[in-house]
Amino acid sequence: MMTQIRTPWFWLTVLSLALLGLFVLYPLANILTASVIGDGPNGWSRLMDNPKYLQAIWNTLILATAVTGIATLIGVPLAYVTARHSFPGKGLIALLPLITLVIPEVIAAQTWLMMLGNNGLITRALREIGLRLPSFYGWFGLITSMSFIYYTYVYIGVVSAIARFDVQLEEAAQSLGTAPGISRIKVMLPVIMPAVLASALLVFTMTVGNFAISMILSHRLPLLSVVTYQAAVAEGAADITMQSTLASVSVLIVMVVLFLNRWIVRRGKYEIVQGRGAKPQPLRGIKGAGVALLAGLVVLISLLPLISIILGAFTASRGPVMQWGNWTLANLERVFVTAPQPLINSLTYAGIATLISIGFSAVVSYLVVKKPNVLTPFVDYVSAIPLALSGTVLGVGLLASFHGGWLPLSGTAAIIVLAYVIRRMPFGMRNGQATLHNIPNSLEEASISLGVPPVASFFKAVLPVMLPAIISAGILTWTTTVAELSASILVYSGGRETLPIQVFRLIDSGLMAYASAYGLVLVAVILIPIIVAARVFRIDVFAVK
Amino acid sequence: MGIRIDDLTVTYGKENVISGLSLDIPGGCFFTLLGPSGCGKTTLLRTIAGFVPAAGGSLRFNGTDVTRLPPHKRAIGMVFQDYALFPDKTVNQNVAYGLHARGERGADVARKIAEALERVGLGHLGNRHPAALSGGQRQRVALARALVIKPAVLLMDEPLSNLDAKLRIQIRETITELQREANITTVFVTHDQEEALSMSDLIGVMNRGAIEQLGTPQQIYATPRTGYVADFVGSANRLPARLRGAASGLVEADFGRGPIMATDARDGAQTDEGLVILRPESLHLSAAPQEGLQNLAATVRSRQYLGSKTSYRLDLGKGLEVVAELHGPSHDGFLPGAAVNLGINAAEARVIAA
């Protein structure tokens with residue numbers, strides 16, 4: 001203990017913990033306490049008195065359950081056939097993670113509307129041949145669009161588990177006299193179960209916290225994130241009781257889910273077995289064609305947003321009416337010339353946030369992995385908390401904590417950057433920790449033994465080795481930060497619109513052509529760094545995961 | 001420049017890993033810490049380096065107290081088990097690293113690097129990155145990097161354990177040559193007795209955080225003072241025996257087959273019981289009793305043919321078993337089940353305290 005205090009690392013840990021305490025714990029504490037203290041009736045009795053709020057909680061749970069079920073049913077079989085078989089068009093499936101990352105949810109929701117909304121392309125086409133689809137607003141649209149976005153998380157999580165699964169286990173089961181099909185189910189299922197479970201629960205929490213799609217598609221159906229947002233927008237920071245209460249509910253739901261996850265994994269004594277992966281077996285003939293067709297269809301549906309946004313960006317419109325087939329550059333002219341402020345804001349805020357987030361997470365993960373002391377476990381826990389907070393919850397917390405008071409940040413650009421950093425920093429942390437675990441301590445000790453002091457050794461010997469990982473973590477942070485909507489929309493002020501906020505507002509006003517143009521630019525802003533990294537620096541951003 | 005350790009204590013949490021260890025390593029000596037994993041040898045080395053703080057006692061390099069000195073100021077050169085080469089830097093940059101840290105720049109540095117790499121036989125690979133080198137080449141770069149800064153003390157932590165057998169023997173020679181040439185005090189950690197015996201001036205056999213025996217390779221192998229040392233360095237038959245009548249360096253020992261005469265290595269202690277240590281290669285197997293040896297009847301239980309020698313497992317009756325090795329011509333001449341004569345030379349059988 002005494003020897004720990006003497007090192008510069010210890011004081012760096014104290015500083016990190018203080019920052020995390022101020023910007024993560026303090027807002028969270030504000031949310032949880034604001035629901036019970038303050039003037040007037042407390043939030044929980046107001047919650048019980050209003051059927052709209054109870055309905056919203058109930059709807060959210062049903063929606064999350066349905067989306068989780070469907071996403072798992074799509075994701076797991078898809079992961080299995082791609083991990084264990086090869087078939088025509090398998091390369092397309094590799095695009096999946098890319099799609100989920102580059103297409104912001106607000107744009108996904110928008111494009112689903114452009115296809116299947118009341119005035120959508122597909123809806124109109126079907127209407128002409130006499131088919132009437134149910135309204136895309138409400139359950140149908142919510143479940144369809146979320147399932148087709150979130151199944152990729154199940155796919156990504158499970159495909160690596162199956163790839164890592166030791167086929168020797170399966171062979172052992174067969175050698176002991178079990179038939180191949182049965183042995184696969186008996187042996188593989190328990191081993192990949194934790195991955196399936198973890199990704200399913202991730203989908204569940206993401207659905208609960210989802211803002212963009214819920215907001216755009218829920219229409220009159222009350223949902224938790226929507227009513228929280230509405231309470232926050234209606235009351236501002238003046239009355240934080242109700243918004244805090246609703247935010248507390250989502251925090252509680254996520255905590256219960258995380259607890260369930262731990263409990264199930266622990267009870268089952270699951271162990272991730274790593275070993276020789278199976279060689280993919282080719283599927284030929286009818287079977288191969290069938291699998292390829294199904295997989296292709298899934299990918300095509302995922303790609304729909306990208307296609308329709310390109311079409312929409314170049315399509316002329318009059319007010320909310322799209323003039324399909326009538327091409328124009330006017331929409332893009334608006335993005336770059338007439339009203340470029342959202343683009344400039346996005347680039348500035350996300351750029352600053354990425355730099356801060358990467359710097360902070362590099363230092364903190366170094367402390368946690370390489371310089372553990374009595375405080376580092378707390379730094380580790382606290383920095384992971386934002387993973388469990390939805391953007392809406394975080395936005396409410398920031399409003400509650402930094403509106404007026406001794407640190408009046410609301411109304412400034414700083415609070416947007418802050419929201420970005422807090423939301424995305426945990427990803428950088430996990431990335432940094434994984435990288436550091438692979439860097440042996442001896443590297444730093446070698447540097448010290450050659451006469452370089454400890455802190456300088458970090459910069460001269462360890463940091464250069466971390467650099468490729470830091471660059472790719474930076475790009476990942478950038479892509480998710482630029483697309484951030486749910487926290488920033490609560491804390492932004494007039495003139496500080498970002499691209500996702502602008503898209504959201506334009507959709508809200510029904511101006512789909514302009515929304516497509518801003519959306520296309522947003523996708524480009526996300527994609528360009530990824531392509532540059534791959535081509536110029538030969539860094540595969542997605543290999544880090 | 002020698003290393004002097006006085007009453008050193010090292011703790012992990014509340015546990016004493018090393019308690020009250022004292023050791024004197026003369027200047028220019030190649031000193032090896034030998035022991036199984038977990039015996040504390042690496043901890044001791046890292047304490048000398050300064051990466052593990054000493055909880056008590058003192059550590060001196062050539063009379064100067066360095067106990068509280070941080071590692072980067074101790075003027076050590078260290079070679080790591082995994083080489084710890086900087087992967088982003090070329091071989092030249094790796095070797096230059098320590099020189100730059102000492103503020104050296106320019107042509108002088110380039111000359112020193114070239115010289116150091118030449119000495120380990122890698123003069124032509126300066127511009128490569130570590131990933132493009134073989135294991136043996138990496139180890140040589142690590143050695144050059146540690147030696148180029150002319151450290152006061154060279155510390156090596158199992159530097160050969162990641163290499164294959166042939167390469168290990170080659171690099172052993174490189175290391176000892178360079179060490180003698182530079183006449184640099186060296187502490188070498190290993191669990192490999194052959195490495196320890198072949199390279200060292202002095203060996204400390206470690207057990208449970210203490211040095212169990214300190215001596216030259218010859219002393220350690222020929223005159224082990226404890227059963228642990230006898231068993232860890234080389235292999236040994238250890239037979240508990242009743243002792244009687246010690247005189248002129250010999251003692252009568254009975255491990256169940258009647259008394260034999262053996263060399264008394266009990267350090268003057270007079271006890272009734274002890275251990276008879278018999279090295280397998282010092283036992284003599286023959287068809288008939290041999291003159292000048294103490295002969296015991298035995299039966300071959302099993303044998304392992306090892307090419308240059310054959311190892312026999314012998315049944316002496318009364319539940320006693322010993323292993324004997326034969327090297328000479330037709331060393332594989334006895335078959336399992338054969339009755340043989342086991343000859344023991346009193347000078348080669350050693351009795352130690354139990």
# chains A, B, ... in the order shown; residues from 1 in each chain; ligands from 1

$ residues_around --residues "segment 496-510 of chain A" --least-positions-apart "2" --cutoff "9 Å" --atoms "only C-alpha atoms" --output "compact mmCIF listing (two decimals) with N, CA, C and O atoms, in the first residue's frame"
# COMPACT_ATOMS: atom_id res chain seq x y z
N PRO A 104 -26.36 3.82 -39.00
CA PRO A 104 -26.95 4.30 -37.75
C PRO A 104 -28.41 3.88 -37.68
O PRO A 104 -29.10 3.82 -38.70
N VAL A 106 -31.00 5.33 -36.70
CA VAL A 106 -31.98 6.31 -37.15
C VAL A 106 -32.18 6.17 -38.65
O VAL A 106 -33.29 6.31 -39.18
N ILE A 107 -31.11 5.86 -39.35
CA ILE A 107 -31.22 5.70 -40.79
C ILE A 107 -31.90 4.38 -41.14
O ILE A 107 -32.73 4.32 -42.06
N GLN A 110 -35.47 4.94 -40.74
CA GLN A 110 -35.96 5.79 -41.83
C GLN A 110 -36.18 4.97 -43.10
O GLN A 110 -37.20 5.09 -43.78
N ALA A 212 -33.86 5.47 -31.32
CA ALA A 212 -34.18 5.99 -32.66
C ALA A 212 -35.35 5.25 -33.29
O ALA A 212 -36.33 5.88 -33.72
N ILE A 216 -39.25 6.64 -33.90
CA ILE A 216 -39.76 6.86 -35.24
C ILE A 216 -40.93 5.94 -35.56
O ILE A 216 -41.88 6.33 -36.22
N GLY A 319 -41.70 18.94 -50.52
CA GLY A 319 -42.13 18.71 -49.14
C GLY A 319 -41.93 17.24 -48.79
O GLY A 319 -40.88 16.68 -49.10
N PRO A 320 -42.92 16.59 -48.21
CA PRO A 320 -42.76 15.21 -47.81
C PRO A 320 -42.97 14.22 -48.97
O PRO A 320 -42.75 13.03 -48.79
N VAL A 321 -43.35 14.71 -50.13
CA VAL A 321 -43.66 13.78 -51.22
C VAL A 321 -42.42 13.48 -52.05
O VAL A 321 -41.81 14.36 -52.63
N GLN A 341 -23.96 23.12 -41.20
CA GLN A 341 -23.60 23.14 -39.79
C GLN A 341 -23.64 21.75 -39.13
O GLN A 341 -22.72 21.40 -38.39
N PRO A 342 -24.68 20.93 -39.36
CA PRO A 342 -24.69 19.60 -38.72
C PRO A 342 -23.46 18.77 -39.07
O PRO A 342 -22.90 18.11 -38.20
N LEU A 343 -23.02 18.87 -40.33
CA LEU A 343 -21.83 18.11 -40.73
C LEU A 343 -20.61 18.61 -39.96
O LEU A 343 -19.84 17.82 -39.40
N ILE A 344 -20.46 19.93 -39.92
CA ILE A 344 -19.31 20.51 -39.20
C ILE A 344 -19.37 20.13 -37.72
O ILE A 344 -18.36 19.71 -37.14
N ASN A 345 -20.57 20.26 -37.12
CA ASN A 345 -20.71 19.91 -35.71
C ASN A 345 -20.32 18.45 -35.45
O ASN A 345 -19.56 18.15 -34.53
N SER A 346 -20.85 17.55 -36.29
CA SER A 346 -20.57 16.13 -36.09
C SER A 346 -19.08 15.85 -36.15
O SER A 346 -18.53 15.16 -35.30
N LEU A 347 -18.43 16.41 -37.18
CA LEU A 347 -17.00 16.14 -37.34
C LEU A 347 -16.23 16.67 -36.14
O LEU A 347 -15.34 16.01 -35.61
N TYR A 349 -17.35 17.51 -32.92
CA TYR A 349 -17.64 16.87 -31.62
C TYR A 349 -17.12 15.43 -31.59
O TYR A 349 -16.48 15.01 -30.62
N GLY A 411 -26.19 23.23 -22.67
CA GLY A 411 -26.21 24.36 -23.59
C GLY A 411 -24.87 24.57 -24.27
O GLY A 411 -24.76 25.32 -25.22
N THR A 412 -23.83 23.87 -23.80
CA THR A 412 -22.53 24.01 -24.45
C THR A 412 -22.26 22.80 -25.33
O THR A 412 -22.96 21.79 -25.26
N ALA A 413 -21.22 22.93 -26.15
CA ALA A 413 -20.83 21.79 -26.97
C ALA A 413 -20.19 20.72 -26.09
O ALA A 413 -20.22 19.53 -26.40
N ILE A 416 -22.21 17.67 -25.15
CA ILE A 416 -22.39 16.68 -26.22
C ILE A 416 -21.15 15.78 -26.31
O ILE A 416 -21.25 14.56 -26.37
N VAL A 482 -19.98 9.13 -34.13
CA VAL A 482 -20.62 9.96 -35.16
C VAL A 482 -22.09 9.61 -35.25
O VAL A 482 -22.94 10.47 -35.49
N ALA A 483 -22.42 8.32 -35.03
CA ALA A 483 -23.80 7.88 -35.19
C ALA A 483 -24.64 8.07 -33.93
O ALA A 483 -25.82 7.80 -33.94
N GLU A 484 -24.02 8.53 -32.85
CA GLU A 484 -24.73 8.61 -31.57
C GLU A 484 -25.92 9.57 -31.65
O GLU A 484 -25.79 10.69 -32.14
N LEU A 485 -27.05 9.14 -31.17
CA LEU A 485 -28.23 10.01 -31.21
C LEU A 485 -28.91 10.15 -29.86
O LEU A 485 -29.20 11.26 -29.40
N SER A 486 -29.14 9.02 -29.18
CA SER A 486 -30.11 9.04 -28.08
C SER A 486 -29.67 9.89 -26.89
O SER A 486 -30.52 10.51 -26.24
N SER A 488 -27.22 12.45 -27.19
CA SER A 488 -26.96 13.82 -27.66
C SER A 488 -28.26 14.58 -27.93
O SER A 488 -28.31 15.79 -27.75
N ILE A 489 -29.32 13.86 -28.35
CA ILE A 489 -30.55 14.59 -28.67
C ILE A 489 -31.18 15.19 -27.41
O ILE A 489 -31.94 16.14 -27.48
N TYR A 492 -28.37 18.38 -26.53
CA TYR A 492 -27.93 19.40 -27.49
C TYR A 492 -28.81 20.65 -27.35
O TYR A 492 -29.90 20.60 -26.78
N SER A 493 -28.29 21.74 -27.88
CA SER A 493 -29.09 22.96 -27.88
C SER A 493 -29.07 23.53 -29.30
O SER A 493 -28.27 23.11 -30.12
N GLY A 494 -29.95 24.47 -29.57
CA GLY A 494 -30.11 25.02 -30.91
C GLY A 494 -28.78 25.42 -31.53
O GLY A 494 -27.94 26.03 -30.88
N MET A 512 -38.14 13.20 -46.15
CA MET A 512 -37.31 12.02 -46.36
C MET A 512 -36.14 12.26 -47.31
O MET A 512 -35.08 11.67 -47.16
N ALA A 513 -36.31 13.10 -48.31
CA ALA A 513 -35.24 13.31 -49.29
C ALA A 513 -34.05 13.99 -48.61
O ALA A 513 -32.90 13.56 -48.75
N TYR A 514 -34.32 15.06 -47.87
CA TYR A 514 -33.25 15.73 -47.14
C TYR A 514 -32.63 14.77 -46.11
O TYR A 514 -31.42 14.70 -45.93
N ALA A 515 -33.51 14.04 -45.43
CA ALA A 515 -33.01 13.10 -44.42
C ALA A 515 -32.06 12.08 -45.06
O ALA A 515 -31.02 11.77 -44.50
N SER A 516 -32.43 11.61 -46.26
CA SER A 516 -31.56 10.65 -46.95
C SER A 516 -30.22 11.26 -47.27
O SER A 516 -29.17 10.61 -47.14
N ALA A 517 -30.23 12.52 -47.72
CA ALA A 517 -28.98 13.17 -48.09
C ALA A 517 -28.05 13.30 -46.87
O ALA A 517 -26.88 12.94 -46.92
N TYR A 518 -28.59 13.80 -45.75
CA TYR A 518 -27.77 13.91 -44.54
C TYR A 518 -27.33 12.50 -44.08
O TYR A 518 -26.21 12.30 -43.63
N GLY A 519 -28.26 11.54 -44.23
CA GLY A 519 -27.93 10.17 -43.83
C GLY A 519 -26.82 9.58 -44.67
O GLY A 519 -25.91 8.93 -44.14
N VAL A 521 -24.45 11.18 -46.21
CA VAL A 521 -23.19 11.82 -45.80
C VAL A 521 -22.71 11.21 -44.48
O VAL A 521 -21.53 10.94 -44.28
N LEU A 522 -23.65 10.93 -43.58
CA LEU A 522 -23.30 10.32 -42.30
C LEU A 522 -22.66 8.95 -42.52
O LEU A 522 -21.62 8.63 -41.94

$ residues_around --residues "segment 147-157 of chain A" --least-positions-apart "3" --cutoff "7 Å" --atoms "only C-alpha atoms" --output "number ranges by chain"
A: 67, 70-72, 74-76, 78-79, 96-97, 100, 143-144, 160-161, 195-196, 199-200, 203, 302

$ closest_atom_pairs --of "chain A" --to "chain B" --cutoff "7 Å" --atoms "only C-alpha atoms" --output "Markdown table"
| residue | atom | partner | partner_atom | distance |
| --- | --- | --- | --- | --- |
| A:Ser442 | CA | B:Ala84 | CA | 5.5 |
| A:Leu443 | CA | B:Ala84 | CA | 4.8 |
| A:Ala446 | CA | B:Ala84 | CA | 6.3 |
| A:Ile448 | CA | B:His72 | CA | 4.9 |
| A:Ser449 | CA | B:His72 | CA | 5.4 |
| A:Leu450 | CA | B:Gly98 | CA | 4.6 |
| A:Gly451 | CA | B:His72 | CA | 4.2 |
| A:Val452 | CA | B:His72 | CA | 5.7 |
| A:Pro453 | CA | B:His72 | CA | 5.7 |
| A:Ala461 | CA | B:Phe86 | CA | 6.6 |
| A:Pro464 | CA | B:Asp88 | CA | 6.7 |
| A:Val465 | CA | B:Asp88 | CA | 6.1 |

$ write_last_selection --atoms "N, CA and C atoms" --output "PDB file, in the first residue's frame"
ATOM      1  N   SER A 442       7.282  -8.219 -19.757  1.00  0.00           N
ATOM      2  CA  SER A 442       8.735  -8.187 -19.909  1.00  0.00           C
ATOM      3  C   SER A 442       9.165  -7.062 -20.849  1.00  0.00           C
ATOM      4  N   LEU A 443       8.256  -6.664 -21.765  1.00  0.00           N
ATOM      5  CA  LEU A 443       8.611  -5.601 -22.705  1.00  0.00           C
ATOM      6  C   LEU A 443       8.951  -4.321 -21.959  1.00  0.00           C
ATOM      7  N   ALA A 446      12.035  -4.823 -19.865  1.00  0.00           N
ATOM      8  CA  ALA A 446      13.250  -4.760 -20.676  1.00  0.00           C
ATOM      9  C   ALA A 446      13.667  -3.303 -20.848  1.00  0.00           C
ATOM     10  N   ILE A 448      12.932  -0.776 -18.898  1.00  0.00           N
ATOM     11  CA  ILE A 448      13.424  -0.249 -17.619  1.00  0.00           C
ATOM     12  C   ILE A 448      14.831  -0.751 -17.337  1.00  0.00           C
ATOM     13  N   SER A 449      15.046  -2.039 -17.621  1.00  0.00           N
ATOM     14  CA  SER A 449      16.362  -2.609 -17.331  1.00  0.00           C
ATOM     15  C   SER A 449      17.438  -1.945 -18.184  1.00  0.00           C
ATOM     16  N   LEU A 450      17.020  -1.357 -19.317  1.00  0.00           N
ATOM     17  CA  LEU A 450      17.996  -0.678 -20.173  1.00  0.00           C
ATOM     18  C   LEU A 450      18.180   0.777 -19.758  1.00  0.00           C
ATOM     19  N   GLY A 451      17.514   1.175 -18.660  1.00  0.00           N
ATOM     20  CA  GLY A 451      17.792   2.479 -18.093  1.00  0.00           C
ATOM     21  C   GLY A 451      16.749   3.550 -18.335  1.00  0.00           C
ATOM     22  N   VAL A 452      15.560   3.153 -18.892  1.00  0.00           N
ATOM     23  CA  VAL A 452      14.519   4.149 -19.132  1.00  0.00           C
ATOM     24  C   VAL A 452      13.532   4.120 -17.963  1.00  0.00           C
ATOM     25  N   PRO A 453      13.216   5.272 -17.368  1.00  0.00           N
ATOM     26  CA  PRO A 453      12.287   5.293 -16.219  1.00  0.00           C
ATOM     27  C   PRO A 453      10.911   4.752 -16.596  1.00  0.00           C
ATOM     28  N   ALA A 461       8.218   2.108 -25.115  1.00  0.00           N
ATOM     29  CA  ALA A 461       8.241   0.677 -25.430  1.00  0.00           C
ATOM     30  C   ALA A 461       6.851   0.078 -25.597  1.00  0.00           C
ATOM     31  N   PRO A 464       4.049   2.192 -28.556  1.00  0.00           N
ATOM     32  CA  PRO A 464       4.187   1.887 -29.985  1.00  0.00           C
ATOM     33  C   PRO A 464       3.615   0.519 -30.360  1.00  0.00           C
ATOM     34  N   VAL A 465       3.707  -0.439 -29.430  1.00  0.00           N
ATOM     35  CA  VAL A 465       3.182  -1.769 -29.719  1.00  0.00           C
ATOM     36  C   VAL A 465       1.655  -1.748 -29.707  1.00  0.00           C
TER      37      VAL A 465
END

$ select_by_dssp --residues "segment 217-456 of chain A" --states "strand (DSSP E or B)" --output "ChimeraX atom specification"
/A:281-282,315-318,321-327

$ write_last_selection --atoms "C-alpha atoms" --output "PDB file, in the first residue's frame"
ATOM      1  CA  GLN A 281     -17.925 -28.564 -44.965  1.00  0.00           C
ATOM      2  CA  PRO A 282     -19.224 -27.622 -48.375  1.00  0.00           C
ATOM      3  CA  THR A 315     -34.457  11.791 -55.515  1.00  0.00           C
ATOM      4  CA  ALA A 316     -36.288  15.066 -55.936  1.00  0.00           C
ATOM      5  CA  SER A 317     -39.110  15.858 -53.567  1.00  0.00           C
ATOM      6  CA  ARG A 318     -41.708  18.420 -52.872  1.00  0.00           C
ATOM      7  CA  VAL A 321     -43.660  13.781 -51.215  1.00  0.00           C
ATOM      8  CA  MET A 322     -40.849  11.785 -52.862  1.00  0.00           C
ATOM      9  CA  GLN A 323     -40.804  12.079 -56.639  1.00  0.00           C
ATOM     10  CA  TRP A 324     -39.301   8.655 -57.352  1.00  0.00           C
ATOM     11  CA  GLY A 325     -37.466   8.439 -60.654  1.00  0.00           C
ATOM     12  CA  ASN A 326     -36.822  12.183 -60.677  1.00  0.00           C
ATOM     13  CA  TRP A 327     -33.115  12.632 -59.885  1.00  0.00           C
TER      14      TRP A 327
END

$ closest_residue --among "B:Glu195, B:Glu348, B:Glu115, B:Glu325" --to "Thr223 of chain B" --atoms "only C-alpha atoms"
B:Glu348

$ select_by_dssp --residues "segment 364-410 of chain A" --states "alpha helix (DSSP H)" --output "PDB file with C-alpha atoms, in the first residue's frame"
ATOM      1  CA  VAL A 364      -6.982   3.451 -17.836  1.00  0.00           C
ATOM      2  CA  SER A 365      -6.693   0.028 -19.417  1.00  0.00           C
ATOM      3  CA  TYR A 366      -2.948   0.222 -18.908  1.00  0.00           C
ATOM      4  CA  LEU A 367      -3.512   0.942 -15.221  1.00  0.00           C
ATOM      5  CA  VAL A 368      -6.020  -1.874 -14.852  1.00  0.00           C
ATOM      6  CA  VAL A 369      -4.001  -4.520 -16.680  1.00  0.00           C
ATOM      7  CA  LYS A 370      -0.399  -3.624 -15.953  1.00  0.00           C
ATOM      8  CA  THR A 376      -7.850  -0.123 -10.121  1.00  0.00           C
ATOM      9  CA  PRO A 377     -10.665  -2.685  -9.707  1.00  0.00           C
ATOM     10  CA  PHE A 378     -13.029   0.223  -8.977  1.00  0.00           C
ATOM     11  CA  VAL A 379     -11.792   2.066 -12.044  1.00  0.00           C
ATOM     12  CA  ASP A 380     -12.503  -1.091 -14.023  1.00  0.00           C
ATOM     13  CA  TYR A 381     -16.044  -1.489 -12.675  1.00  0.00           C
ATOM     14  CA  VAL A 382     -17.054   2.151 -12.931  1.00  0.00           C
ATOM     15  CA  SER A 383     -15.764   2.517 -16.464  1.00  0.00           C
ATOM     16  CA  ALA A 384     -17.920  -0.444 -17.510  1.00  0.00           C
ATOM     17  CA  GLY A 391     -28.258   6.782 -24.258  1.00  0.00           C
ATOM     18  CA  THR A 392     -31.559   8.180 -23.041  1.00  0.00           C
ATOM     19  CA  VAL A 393     -30.705   7.327 -19.438  1.00  0.00           C
ATOM     20  CA  LEU A 394     -27.288   8.913 -19.801  1.00  0.00           C
ATOM     21  CA  GLY A 395     -28.801  12.035 -21.344  1.00  0.00           C
ATOM     22  CA  VAL A 396     -31.248  12.365 -18.469  1.00  0.00           C
ATOM     23  CA  GLY A 397     -28.399  11.892 -15.986  1.00  0.00           C
ATOM     24  CA  LEU A 398     -26.237  14.545 -17.627  1.00  0.00           C
ATOM     25  CA  LEU A 399     -29.134  17.009 -17.726  1.00  0.00           C
ATOM     26  CA  ALA A 400     -29.900  16.334 -14.096  1.00  0.00           C
ATOM     27  CA  SER A 401     -26.270  16.837 -13.056  1.00  0.00           C
ATOM     28  CA  PHE A 402     -24.873  19.609 -15.196  1.00  0.00           C
TER      29      PHE A 402
END

$ closest_residue --among "A:Asn373, A:Thr477, A:Ser308, A:Ser16" --to "Leu113 of chain A" --atoms "only C-alpha atoms"
A:Ser308

$ residues_around --residues "segment 227-230 of chain B" --least-positions-apart "4" --cutoff "10 Å" --atoms "only C-alpha atoms" --output "PyMOL selection string"
chain B and resi 34-35+205-207+212-213+220-223+234-239+275-279+351-354

$ write_last_selection --atoms "C-alpha atoms" --output "compact mmCIF listing (two decimals), in the first residue's frame"
# COMPACT_ATOMS: atom_id res chain seq x y z
CA LEU B 34 18.98 -23.71 -10.00
CA GLY B 35 15.67 -25.08 -8.83
CA VAL B 205 20.46 -24.88 -5.63
CA MET B 206 17.23 -23.31 -4.41
CA ASN B 207 14.41 -24.91 -2.49
CA GLU B 212 19.98 -25.32 -0.09
CA GLN B 213 23.52 -25.78 -1.31
CA ILE B 220 27.09 -29.83 -6.32
CA TYR B 221 27.07 -32.95 -8.41
CA ALA B 222 29.69 -35.06 -6.67
CA THR B 223 28.99 -34.11 -3.07
CA GLY B 234 21.36 -35.59 -11.69
CA SER B 235 19.36 -38.55 -10.48
CA ALA B 236 20.06 -40.53 -7.34
CA ASN B 237 18.95 -43.64 -5.49
CA ARG B 238 18.11 -42.57 -1.96
CA LEU B 239 18.05 -45.40 0.54
CA LEU B 275 20.41 -41.64 3.62
CA VAL B 276 22.68 -43.59 1.34
CA ILE B 277 23.00 -41.78 -1.99
CA LEU B 278 23.90 -43.92 -4.97
CA ARG B 279 24.24 -42.30 -8.41
CA VAL B 351 25.85 -41.11 3.39
CA ILE B 352 24.08 -37.88 4.30
CA ALA B 353 21.89 -36.92 7.22
CA ALA B 354 18.33 -38.10 6.74

$ atom_distance --atom1 "atom CA of Gly343 of chain B" --atom2 "atom CA of Arg257 of chain B"
13.0 Å

$ residues_around --residues "segment 220-233 of chain A" --least-positions-apart "5" --cutoff "6 Å" --atoms "only C-alpha atoms" --output "list of chain:residue names"
A:Ala56, A:Ile57, A:Thr60, A:Phe211, A:Met215, A:Gln243, A:Leu246

$ closest_residue --among "B:Arg301, B:Arg244, B:His284, B:Lys318" --to "Leu335 of chain B" --atoms "only C-alpha atoms"
B:Arg301

$ atom_distance --atom1 "atom CA of Gly204 of chain B" --atom2 "atom CA of Asp24 of chain B"
10.7 Å

$ residues_around --residues "Asp315 of chain B" --least-positions-apart "2" --cutoff "12 Å" --atoms "only C-alpha atoms" --output "ChimeraX atom specification"
/B:257,296-303,312-313,317-324,336-342

$ closest_residue --among "A:Phe204, A:Trp9, A:Trp139, A:Tyr420" --to "Asn59 of chain A" --atoms "only C-alpha atoms"
A:Trp139
